[in-house]
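J.: Encoded as C-alpha coordinates, here's the structure I'll be asking about.
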Amino acid sequence: MLTTNQTFQGTVAAVSSSFLFSMMFLFGLFMLPLTGTQVASWRVLMMLLSLVILLSLTKQWQHVFDYVKTLKTLKEWLIFILPAPILGGQIWLFMWAPVNGFGLDVTLGYFLLPLVMIVLGRFFYREDMSVLQYAAAILAALGIGYDIFQYGSVSWVTLFVCLGYPPYYLLRRTLAVPPITGLLFDLTLLTPVVLIMLYLTGGFSVAAQNMKFWYLLPLLGAFSALAMSLTMIASSKLPVSLFGALSYIEPLLLFVLSITVLSQSLDEGGSLFMYGMITLALVVMIIDSAIGYLVRQRNDRLHGYREPQVGGFPPRRHFINQRIDGVLKAHRFRKIRRYQKKMDKIQQKLEQLDAK
(Lines give C-alpha, C1' and ligand atoms only; values in the text may rest on other atoms or scores of the structure.)
Protein backbone atom coordinates (compact mmCIF):
# COMPACT_ATOMS: atom_id res chain seq x y z
CA MET A 1 0.00 0.00 0.00
CA LEU A 2 2.88 2.37 0.82
CA THR A 3 4.39 1.90 -2.63
CA THR A 4 1.04 2.50 -4.32
CA ASN A 5 0.51 5.71 -2.30
CA GLN A 6 4.00 6.94 -3.14
CA THR A 7 3.42 6.31 -6.85
CA PHE A 8 0.08 8.14 -6.75
CA GLN A 9 1.57 11.08 -4.85
CA GLY A 10 4.55 11.25 -7.19
CA THR A 11 2.30 11.16 -10.26
CA VAL A 12 0.13 13.99 -8.91
CA ALA A 13 3.27 16.01 -8.13
CA ALA A 14 4.72 15.44 -11.62
CA VAL A 15 1.50 16.40 -13.41
CA SER A 16 1.02 19.48 -11.20
CA SER A 17 4.62 20.56 -11.80
CA SER A 18 4.19 20.29 -15.58
CA PHE A 19 0.98 22.33 -15.39
CA LEU A 20 2.68 25.11 -13.37
CA PHE A 21 5.66 25.26 -15.75
CA SER A 22 3.30 25.53 -18.72
CA MET A 23 1.48 28.40 -16.99
CA MET A 24 4.80 30.22 -16.52
CA PHE A 25 5.33 29.83 -20.28
CA LEU A 26 2.48 32.33 -20.76
CA PHE A 27 3.54 34.83 -18.09
CA GLY A 28 5.21 37.01 -20.71
CA LEU A 29 1.77 37.70 -22.20
CA PHE A 30 0.25 38.55 -18.82
CA MET A 31 3.12 40.90 -17.92
CA LEU A 32 3.12 43.24 -20.89
CA PRO A 33 4.47 45.92 -21.32
CA LEU A 34 7.48 44.22 -19.72
CA THR A 35 9.69 42.64 -22.37
CA GLY A 36 10.57 38.94 -22.31
CA THR A 37 14.07 39.79 -21.05
CA GLN A 38 12.65 41.91 -18.22
CA VAL A 39 10.19 39.15 -17.25
CA ALA A 40 13.05 36.64 -17.16
CA SER A 41 15.06 39.00 -14.94
CA TRP A 42 12.16 39.44 -12.54
CA ARG A 43 11.64 35.67 -12.51
CA VAL A 44 15.23 35.13 -11.29
CA LEU A 45 14.69 37.60 -8.44
CA MET A 46 11.31 36.18 -7.47
CA MET A 47 12.59 32.59 -7.66
CA LEU A 48 15.49 33.46 -5.37
CA LEU A 49 13.16 35.14 -2.88
CA SER A 50 10.76 32.18 -2.94
CA LEU A 51 13.62 29.72 -2.56
CA VAL A 52 15.01 31.58 0.46
CA ILE A 53 11.57 31.52 2.07
CA LEU A 54 11.18 27.82 1.24
CA LEU A 55 14.56 26.93 2.76
CA SER A 56 13.77 28.96 5.87
CA LEU A 57 10.35 27.37 6.38
CA THR A 58 11.70 23.83 5.87
CA LYS A 59 14.87 24.54 7.89
CA GLN A 60 17.18 23.25 5.15
CA TRP A 61 19.91 25.88 5.38
CA GLN A 62 22.25 23.58 7.27
CA HIS A 63 22.24 21.10 4.36
CA VAL A 64 23.28 23.91 2.02
CA PHE A 65 26.14 24.97 4.30
CA ASP A 66 27.26 21.36 4.82
CA TYR A 67 27.60 20.85 1.07
CA VAL A 68 29.46 24.11 0.45
CA LYS A 69 32.05 23.12 3.06
CA THR A 70 32.91 20.07 0.95
CA LEU A 71 34.15 22.23 -1.96
CA LYS A 72 37.88 22.43 -1.36
CA THR A 73 39.74 23.15 -4.60
CA LEU A 74 39.58 25.93 -7.20
CA LYS A 75 38.62 23.35 -9.84
CA GLU A 76 35.63 22.22 -7.80
CA TRP A 77 34.49 25.81 -7.30
CA LEU A 78 34.78 26.51 -11.04
CA ILE A 79 32.71 23.41 -11.89
CA PHE A 80 30.21 24.49 -9.23
CA ILE A 81 29.86 28.03 -10.68
CA LEU A 82 29.96 27.28 -14.43
CA PRO A 83 26.34 26.01 -14.73
CA ALA A 84 24.92 29.38 -13.55
CA PRO A 85 25.12 31.19 -16.94
CA ILE A 86 23.66 28.11 -18.66
CA LEU A 87 20.62 28.18 -16.40
CA GLY A 88 20.35 31.95 -16.83
CA GLY A 89 20.23 31.55 -20.60
CA GLN A 90 17.53 28.87 -20.36
CA ILE A 91 15.38 30.97 -18.01
CA TRP A 92 15.70 33.94 -20.36
CA LEU A 93 14.76 31.87 -23.42
CA PHE A 94 11.77 30.26 -21.69
CA MET A 95 10.27 33.69 -20.94
CA TRP A 96 11.45 35.50 -24.09
CA ALA A 97 10.52 32.97 -26.78
CA PRO A 98 6.70 32.80 -26.34
CA VAL A 99 6.22 36.55 -26.77
CA ASN A 100 8.58 36.69 -29.75
CA GLY A 101 7.07 33.95 -31.92
CA PHE A 102 9.37 31.08 -30.89
CA GLY A 103 7.01 29.09 -28.65
CA LEU A 104 6.99 26.02 -30.89
CA ASP A 105 10.77 26.08 -31.24
CA VAL A 106 11.15 25.96 -27.45
CA THR A 107 8.59 23.16 -27.27
CA LEU A 108 10.48 21.11 -29.84
CA GLY A 109 13.68 21.59 -27.85
CA TYR A 110 12.02 20.16 -24.73
CA PHE A 111 10.70 17.23 -26.76
CA LEU A 112 14.23 16.45 -27.95
CA LEU A 113 15.96 17.00 -24.59
CA PRO A 114 15.26 13.53 -23.08
CA LEU A 115 16.50 11.87 -26.27
CA VAL A 116 19.68 13.96 -26.23
CA MET A 117 20.24 13.01 -22.57
CA ILE A 118 19.87 9.31 -23.40
CA VAL A 119 22.43 9.56 -26.21
CA LEU A 120 24.85 11.50 -23.98
CA GLY A 121 24.43 8.91 -21.24
CA ARG A 122 25.30 6.19 -23.73
CA PHE A 123 28.48 7.81 -25.08
CA PHE A 124 29.74 9.74 -22.02
CA TYR A 125 28.91 7.27 -19.24
CA ARG A 126 28.57 4.01 -21.17
CA GLU A 127 24.97 3.59 -20.02
CA ASP A 128 23.00 0.87 -21.76
CA MET A 129 20.29 1.80 -24.28
CA SER A 130 17.35 -0.48 -24.99
CA VAL A 131 16.29 -1.37 -28.53
CA LEU A 132 13.31 0.98 -28.25
CA GLN A 133 15.56 3.83 -27.09
CA TYR A 134 17.81 3.28 -30.10
CA ALA A 135 14.72 3.33 -32.33
CA ALA A 136 13.46 6.57 -30.76
CA ALA A 137 16.84 8.26 -31.21
CA ILE A 138 17.00 7.19 -34.86
CA LEU A 139 13.46 8.46 -35.55
CA ALA A 140 14.26 11.84 -33.97
CA ALA A 141 17.52 12.05 -35.92
CA LEU A 142 15.65 11.35 -39.18
CA GLY A 143 13.22 14.17 -38.46
CA ILE A 144 15.94 16.68 -37.61
CA GLY A 145 18.06 15.52 -40.54
CA TYR A 146 15.17 16.03 -42.95
CA ASP A 147 14.68 19.65 -41.86
CA ILE A 148 18.41 20.35 -42.13
CA PHE A 149 18.44 18.86 -45.65
CA GLN A 150 15.20 20.59 -46.68
CA TYR A 151 15.69 24.04 -45.14
CA GLY A 152 19.39 24.12 -44.38
CA SER A 153 19.04 24.51 -40.61
CA VAL A 154 17.06 23.91 -37.46
CA SER A 155 15.92 26.78 -35.24
CA TRP A 156 18.67 28.07 -32.95
CA VAL A 157 16.08 28.20 -30.17
CA THR A 158 15.45 24.45 -30.45
CA LEU A 159 19.17 23.69 -30.43
CA PHE A 160 19.77 26.05 -27.48
CA VAL A 161 17.22 24.15 -25.37
CA CYS A 162 18.09 20.55 -26.24
CA LEU A 163 21.88 21.09 -26.34
CA GLY A 164 22.14 23.67 -23.56
CA TYR A 165 20.65 21.74 -20.66
CA PRO A 166 22.83 18.56 -20.94
CA PRO A 167 26.09 20.39 -20.01
CA TYR A 168 24.25 21.88 -17.04
CA TYR A 169 23.14 18.47 -15.78
CA LEU A 170 26.52 16.87 -16.47
CA LEU A 171 28.39 19.58 -14.55
CA ARG A 172 25.98 19.25 -11.64
CA ARG A 173 26.45 15.48 -11.74
CA THR A 174 30.23 15.81 -11.60
CA LEU A 175 30.08 17.28 -8.08
CA ALA A 176 26.85 15.57 -7.01
CA VAL A 177 25.30 18.96 -6.25
CA PRO A 178 21.93 18.72 -4.44
CA PRO A 179 19.20 20.35 -6.60
CA ILE A 180 18.19 22.99 -4.05
CA THR A 181 21.79 23.97 -3.29
CA GLY A 182 22.70 24.23 -6.96
CA LEU A 183 19.63 26.29 -7.83
CA LEU A 184 20.15 28.61 -4.86
CA PHE A 185 23.72 29.45 -5.86
CA ASP A 186 22.83 29.73 -9.56
CA LEU A 187 20.14 32.30 -8.81
CA THR A 188 22.43 34.14 -6.37
CA LEU A 189 25.16 34.43 -9.01
CA LEU A 190 22.63 35.62 -11.61
CA THR A 191 21.14 38.28 -9.32
CA PRO A 192 23.74 41.06 -10.00
CA VAL A 193 23.33 40.51 -13.75
CA VAL A 194 19.53 40.75 -13.72
CA LEU A 195 19.59 43.77 -11.39
CA ILE A 196 21.83 45.61 -13.85
CA MET A 197 19.60 44.47 -16.74
CA LEU A 198 16.44 45.74 -15.04
CA TYR A 199 18.11 49.06 -14.18
CA LEU A 200 19.41 49.67 -17.72
CA THR A 201 16.15 48.69 -19.45
CA GLY A 202 13.81 50.46 -17.05
CA GLY A 203 12.30 47.26 -15.72
CA PHE A 204 12.00 48.65 -12.18
CA SER A 205 10.05 51.75 -13.22
CA VAL A 206 7.67 49.82 -15.49
CA ALA A 207 6.87 47.34 -12.70
CA ALA A 208 6.43 50.11 -10.12
CA GLN A 209 4.01 52.10 -12.29
CA ASN A 210 1.56 49.26 -12.91
CA MET A 211 -0.41 47.83 -9.99
CA LYS A 212 -0.88 44.39 -11.60
CA PHE A 213 2.80 43.60 -11.19
CA TRP A 214 2.43 43.86 -7.42
CA TYR A 215 0.68 40.48 -7.43
CA LEU A 216 1.91 39.00 -10.73
CA LEU A 217 5.60 39.14 -9.74
CA PRO A 218 5.14 37.34 -6.38
CA LEU A 219 2.87 34.86 -8.19
CA LEU A 220 5.62 34.19 -10.73
CA GLY A 221 8.08 33.47 -7.91
CA ALA A 222 5.58 31.27 -6.07
CA PHE A 223 4.80 29.28 -9.23
CA SER A 224 8.53 28.78 -9.89
CA ALA A 225 9.29 27.62 -6.34
CA LEU A 226 6.21 25.38 -6.15
CA ALA A 227 6.86 23.79 -9.55
CA MET A 228 10.47 23.14 -8.59
CA SER A 229 9.44 21.60 -5.25
CA LEU A 230 6.82 19.36 -6.90
CA THR A 231 9.39 18.15 -9.42
CA MET A 232 11.75 17.13 -6.60
CA ILE A 233 8.90 15.37 -4.77
CA ALA A 234 8.01 13.46 -7.94
CA SER A 235 11.64 12.50 -8.55
CA SER A 236 11.93 11.07 -5.02
CA LYS A 237 8.70 9.06 -5.08
CA LEU A 238 8.47 7.72 -8.65
CA PRO A 239 10.36 4.91 -10.36
CA VAL A 240 12.90 6.07 -12.95
CA SER A 241 10.92 4.87 -15.97
CA LEU A 242 7.60 6.36 -14.85
CA PHE A 243 9.21 9.67 -13.93
CA GLY A 244 10.80 9.78 -17.40
CA ALA A 245 7.49 9.08 -19.14
CA LEU A 246 5.68 11.80 -17.16
CA SER A 247 8.38 14.33 -18.11
CA TYR A 248 6.79 14.51 -21.57
CA ILE A 249 3.62 16.10 -20.17
CA GLU A 250 5.23 19.54 -19.96
CA PRO A 251 6.31 19.81 -23.63
CA LEU A 252 2.92 18.44 -24.69
CA LEU A 253 1.21 21.23 -22.74
CA LEU A 254 3.63 23.79 -24.19
CA PHE A 255 2.83 22.51 -27.69
CA VAL A 256 -0.92 22.89 -27.13
CA LEU A 257 -0.49 26.39 -25.69
CA SER A 258 1.75 27.46 -28.58
CA ILE A 259 -0.89 26.40 -31.13
CA THR A 260 -3.92 27.74 -29.25
CA VAL A 261 -3.02 30.68 -27.01
CA LEU A 262 0.05 31.91 -28.94
CA SER A 263 -1.66 31.23 -32.30
CA GLN A 264 1.41 29.74 -33.97
CA SER A 265 1.13 27.46 -37.00
CA LEU A 266 3.01 24.19 -37.24
CA ASP A 267 5.06 25.49 -40.17
CA GLU A 268 6.71 28.06 -37.91
CA GLY A 269 8.38 25.39 -35.81
CA GLY A 270 9.43 22.94 -38.52
CA SER A 271 8.15 20.55 -41.18
CA LEU A 272 5.26 18.14 -40.66
CA PHE A 273 7.65 15.25 -41.37
CA MET A 274 9.91 16.33 -38.51
CA TYR A 275 6.95 16.65 -36.14
CA GLY A 276 5.77 13.21 -37.23
CA MET A 277 9.18 11.64 -36.54
CA ILE A 278 9.47 13.38 -33.17
CA THR A 279 5.95 12.23 -32.25
CA LEU A 280 6.81 8.63 -33.16
CA ALA A 281 10.01 8.88 -31.14
CA LEU A 282 8.04 10.11 -28.11
CA VAL A 283 5.50 7.28 -28.46
CA VAL A 284 8.35 4.76 -28.59
CA MET A 285 9.97 6.35 -25.51
CA ILE A 286 6.70 6.24 -23.56
CA ILE A 287 6.23 2.58 -24.49
CA ASP A 288 9.80 1.85 -23.40
CA SER A 289 9.21 3.65 -20.09
CA ALA A 290 5.95 1.77 -19.52
CA ILE A 291 7.60 -1.59 -20.23
CA GLY A 292 10.48 -0.73 -17.90
CA TYR A 293 8.06 0.29 -15.15
CA LEU A 294 6.01 -2.91 -15.45
CA VAL A 295 9.11 -5.13 -15.53
CA ARG A 296 10.62 -3.46 -12.46
CA GLN A 297 7.34 -3.59 -10.61
CA ARG A 298 7.10 -7.33 -11.28
CA ASN A 299 10.70 -7.94 -10.24
CA ASP A 300 10.20 -5.92 -7.06
CA ARG A 301 7.17 -8.02 -6.12
CA LEU A 302 9.08 -11.23 -6.77
CA HIS A 303 12.01 -10.11 -4.61
CA GLY A 304 9.98 -8.32 -1.96
CA TYR A 305 11.49 -4.89 -2.73
CA ARG A 306 9.82 -1.55 -3.02
CA GLU A 307 9.86 0.33 -6.29
CA PRO A 308 13.27 1.80 -7.15
CA GLN A 309 13.22 5.54 -6.49
CA VAL A 310 14.90 8.40 -8.30
CA GLY A 311 17.30 10.12 -5.96
CA GLY A 312 18.48 12.66 -8.50
CA PHE A 313 21.13 12.44 -11.22
CA PRO A 314 23.40 9.62 -9.89
CA PRO A 315 27.03 10.70 -9.48
CA ARG A 316 30.14 8.58 -9.91
CA ARG A 317 31.11 6.47 -6.91
CA HIS A 318 34.29 8.28 -5.96
CA PHE A 319 32.58 11.65 -6.07
CA ILE A 320 29.89 10.31 -3.75
CA ASN A 321 32.58 9.16 -1.31
CA GLN A 322 34.30 12.53 -1.58
CA ARG A 323 31.10 14.44 -0.77
CA ILE A 324 30.24 12.12 2.13
CA ASP A 325 33.71 12.43 3.59
CA GLY A 326 33.54 16.22 3.37
CA VAL A 327 30.12 16.38 5.04
CA LEU A 328 31.31 14.11 7.87
CA LYS A 329 34.38 16.27 8.43
CA ALA A 330 32.21 19.40 8.55
CA HIS A 331 29.90 17.68 11.05
CA ARG A 332 32.81 16.65 13.27
CA PHE A 333 34.23 20.17 13.09
CA ARG A 334 30.94 21.65 14.33
CA LYS A 335 30.77 19.16 17.22
CA ILE A 336 34.37 19.95 18.25
CA ARG A 337 33.66 23.68 18.05
CA ARG A 338 30.55 23.36 20.25
CA TYR A 339 32.50 21.24 22.75
CA GLN A 340 35.31 23.82 22.80
CA LYS A 341 32.81 26.61 23.52
CA LYS A 342 31.42 24.65 26.45
CA MET A 343 34.94 24.08 27.80
CA ASP A 344 35.71 27.79 27.45
CA LYS A 345 32.59 28.70 29.46
CA ILE A 346 33.52 26.22 32.20
CA GLN A 347 37.06 27.62 32.28
CA GLN A 348 35.71 31.16 32.61
CA LYS A 349 33.46 30.15 35.52
CA LEU A 350 36.38 28.44 37.25
CA GLU A 351 38.51 31.55 36.82
CA GLN A 352 35.71 33.70 38.25
CA LEU A 353 35.44 31.38 41.29
CA ASP A 354 39.20 31.50 41.82
CA ALA A 355 39.08 35.28 41.65
CA LYS A 356 36.50 35.37 44.39
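Please note that chains go A, B, ... in the order of the C-alpha coordinates, that every chain numbers its residues from 1, and that ligands are numbered from 1 in the order shown.
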Apply DSSP to the backbone of this structure and, from segment 164-277 of chain A, keep only the residues in alpha helix (DSSP H); write these as a PyMOL selection string.

T.: chain A and resi 164-174+179-201+203-209+213-237+240-246+249-260+272-277

J.: For Ile259 of chain A, which of A:Pro98, A:Pro85, A:Gly143, A:Gly221 is the closest residue, counting only C-alpha atoms?

T.: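 Among the listed residues, the smallest separation from Ile259 of chain A belongs to A:Pro98.
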
J.: Tell me which of A:Met46, A:Val194, A:Ile180, A:Ala222 sits closest to Thr58 of chain A, counting only C-alpha atoms.

T.: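 Closest to Thr58 of chain A, using only C-alpha atoms: A:Ile180.
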
J.: Rounded to one decimal in Å, what is the spacing between atom CA of Leu26 of chain A and atom CA of Met277 of chain A?

T.: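 Going from atom CA of Leu26 of chain A over to atom CA of Met277 of chain A, I get 26.9 Å.
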
J.: Could you list, as a list of chain:residue names, every residue within 10 Å of Arg172 of chain A, counting only C-alpha atoms and ignoring same-chain residues fewer than 6 positions away?

T.: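 The neighbour list is A:Ile79, A:Phe80, A:Ile81, A:Leu82, A:Pro83, A:Pro166, A:Pro178, A:Pro179, A:Gly182, A:Phe313, A:Pro315.
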
J.: Restrict the calculation to only C-alpha atoms, then for each residue of segment 20-119 of chain A with any atom at most 9 Å from an atom of segment 281-287 of chain A give the closest atom pair and their distance in Å to one decimal, rows by chain and rising residue number, as JSON lines.

T.:
{"residue": "A:Phe111", "atom": "CA", "partner": "A:Leu282", "partner_atom": "CA", "distance": 7.7}
{"residue": "A:Leu112", "atom": "CA", "partner": "A:Leu282", "partner_atom": "CA", "distance": 8.9}
{"residue": "A:Leu115", "atom": "CA", "partner": "A:Met285", "partner_atom": "CA", "distance": 8.6}

J.: Quick one: residues within 10 Å of Arg43 of chain A, only C-alpha atoms counted, chain neighbours fewer than 2 positions away excluded, as a list in words?

T.: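 That gives Met24, Phe27, Thr37, Gln38, Val39, Ala40, Ser41, Leu45, Met46, Met47, Leu48, Leu49, Ile91, Trp92, Met95, Leu187, Val194, Leu217, Pro218, Leu219, Leu220, Gly221, Ala222, Phe223 and Ser224 of chain A.
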
J.: May I ask which of the residues A:Ser18, A:Gly103, A:Lys345, A:Leu171 is the closest one to Thr260 of chain A, counting only C-alpha atoms?

T.: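 Between A:Ser18, A:Gly103, A:Lys345, A:Leu171, the residue approaching Thr260 of chain A most closely is A:Gly103.
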
J.: Report, in Å to a single decimal, how far apart atom CA of Ile86 of chain A and atom CA of Pro192 of chain A are.

T.: 15.6 Å

J.: Given the choices A:Leu57, A:Val161, A:Leu198, A:Leu71, which gets closest to Leu87 of chain A if the distance is worked out from only C-alpha atoms?

T.: A:Val161

J.: Between atom CA of Met117 of chain A and atom CA of Gly36 of chain A, what distance in Å does the model show, to one decimal?

T.: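 So the two atoms, atom CA of Met117 of chain A and atom CA of Gly36 of chain A, lie 27.7 Å apart.
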
J.: So, with only C-alpha atoms as the atoms that count, which of A:Leu29, A:Leu294, A:Leu175, A:Ile144 lies closest to Lys72 of chain A?

T.: A:Leu175

J.: Find the residue from A:Tyr248, A:Trp214, A:Tyr199, A:Phe25 that sits nearest to Val99 of chain A; use only C-alpha atoms when measuring.

T.: A:Phe25

J.: Show me, as a list in words, the residues that have an atom within 8 Å of Thr231 of chain A when counting only C-alpha atoms, minus same-chain residues fewer than 4 positions from it.

T.: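 Once the nearby chain positions are removed, what remains is Ala13, Ala14, Ser17, Ala227 and Ser235 of chain A.
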
J.: Take the selection from the previous step and output its residues with all heavy atoms, as a short mmCIF file (atom, residue, chain, number, x, y, z; two decimals), in the first residue's frame.

T.:
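Below is the file that was written, selection.cif:
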data_model
loop_
_atom_site.label_atom_id
_atom_site.label_comp_id
_atom_site.auth_asym_id
_atom_site.auth_seq_id
_atom_site.Cartn_x
_atom_site.Cartn_y
_atom_site.Cartn_z
N ALA A 13 2.25 14.95 -8.20
CA ALA A 13 3.27 16.01 -8.13
C ALA A 13 3.86 16.30 -9.50
O ALA A 13 4.06 17.46 -9.88
CB ALA A 13 4.37 15.60 -7.15
N ALA A 14 4.14 15.26 -10.29
CA ALA A 14 4.72 15.44 -11.62
C ALA A 14 3.76 16.16 -12.56
O ALA A 14 4.16 17.08 -13.29
CB ALA A 14 5.12 14.09 -12.20
N SER A 17 3.41 19.81 -11.45
CA SER A 17 4.62 20.56 -11.80
C SER A 17 4.60 20.94 -13.28
O SER A 17 4.91 22.09 -13.64
CB SER A 17 5.86 19.73 -11.48
OG SER A 17 7.02 20.36 -11.98
N ALA A 227 6.61 24.75 -8.47
CA ALA A 227 6.86 23.79 -9.55
C ALA A 227 8.17 23.04 -9.32
O ALA A 227 8.25 21.82 -9.53
CB ALA A 227 6.91 24.53 -10.89
N SER A 235 10.41 13.25 -8.27
CA SER A 235 11.64 12.50 -8.55
C SER A 235 12.02 11.57 -7.40
O SER A 235 12.68 10.56 -7.61
CB SER A 235 12.80 13.46 -8.84
OG SER A 235 13.16 14.15 -7.67
#
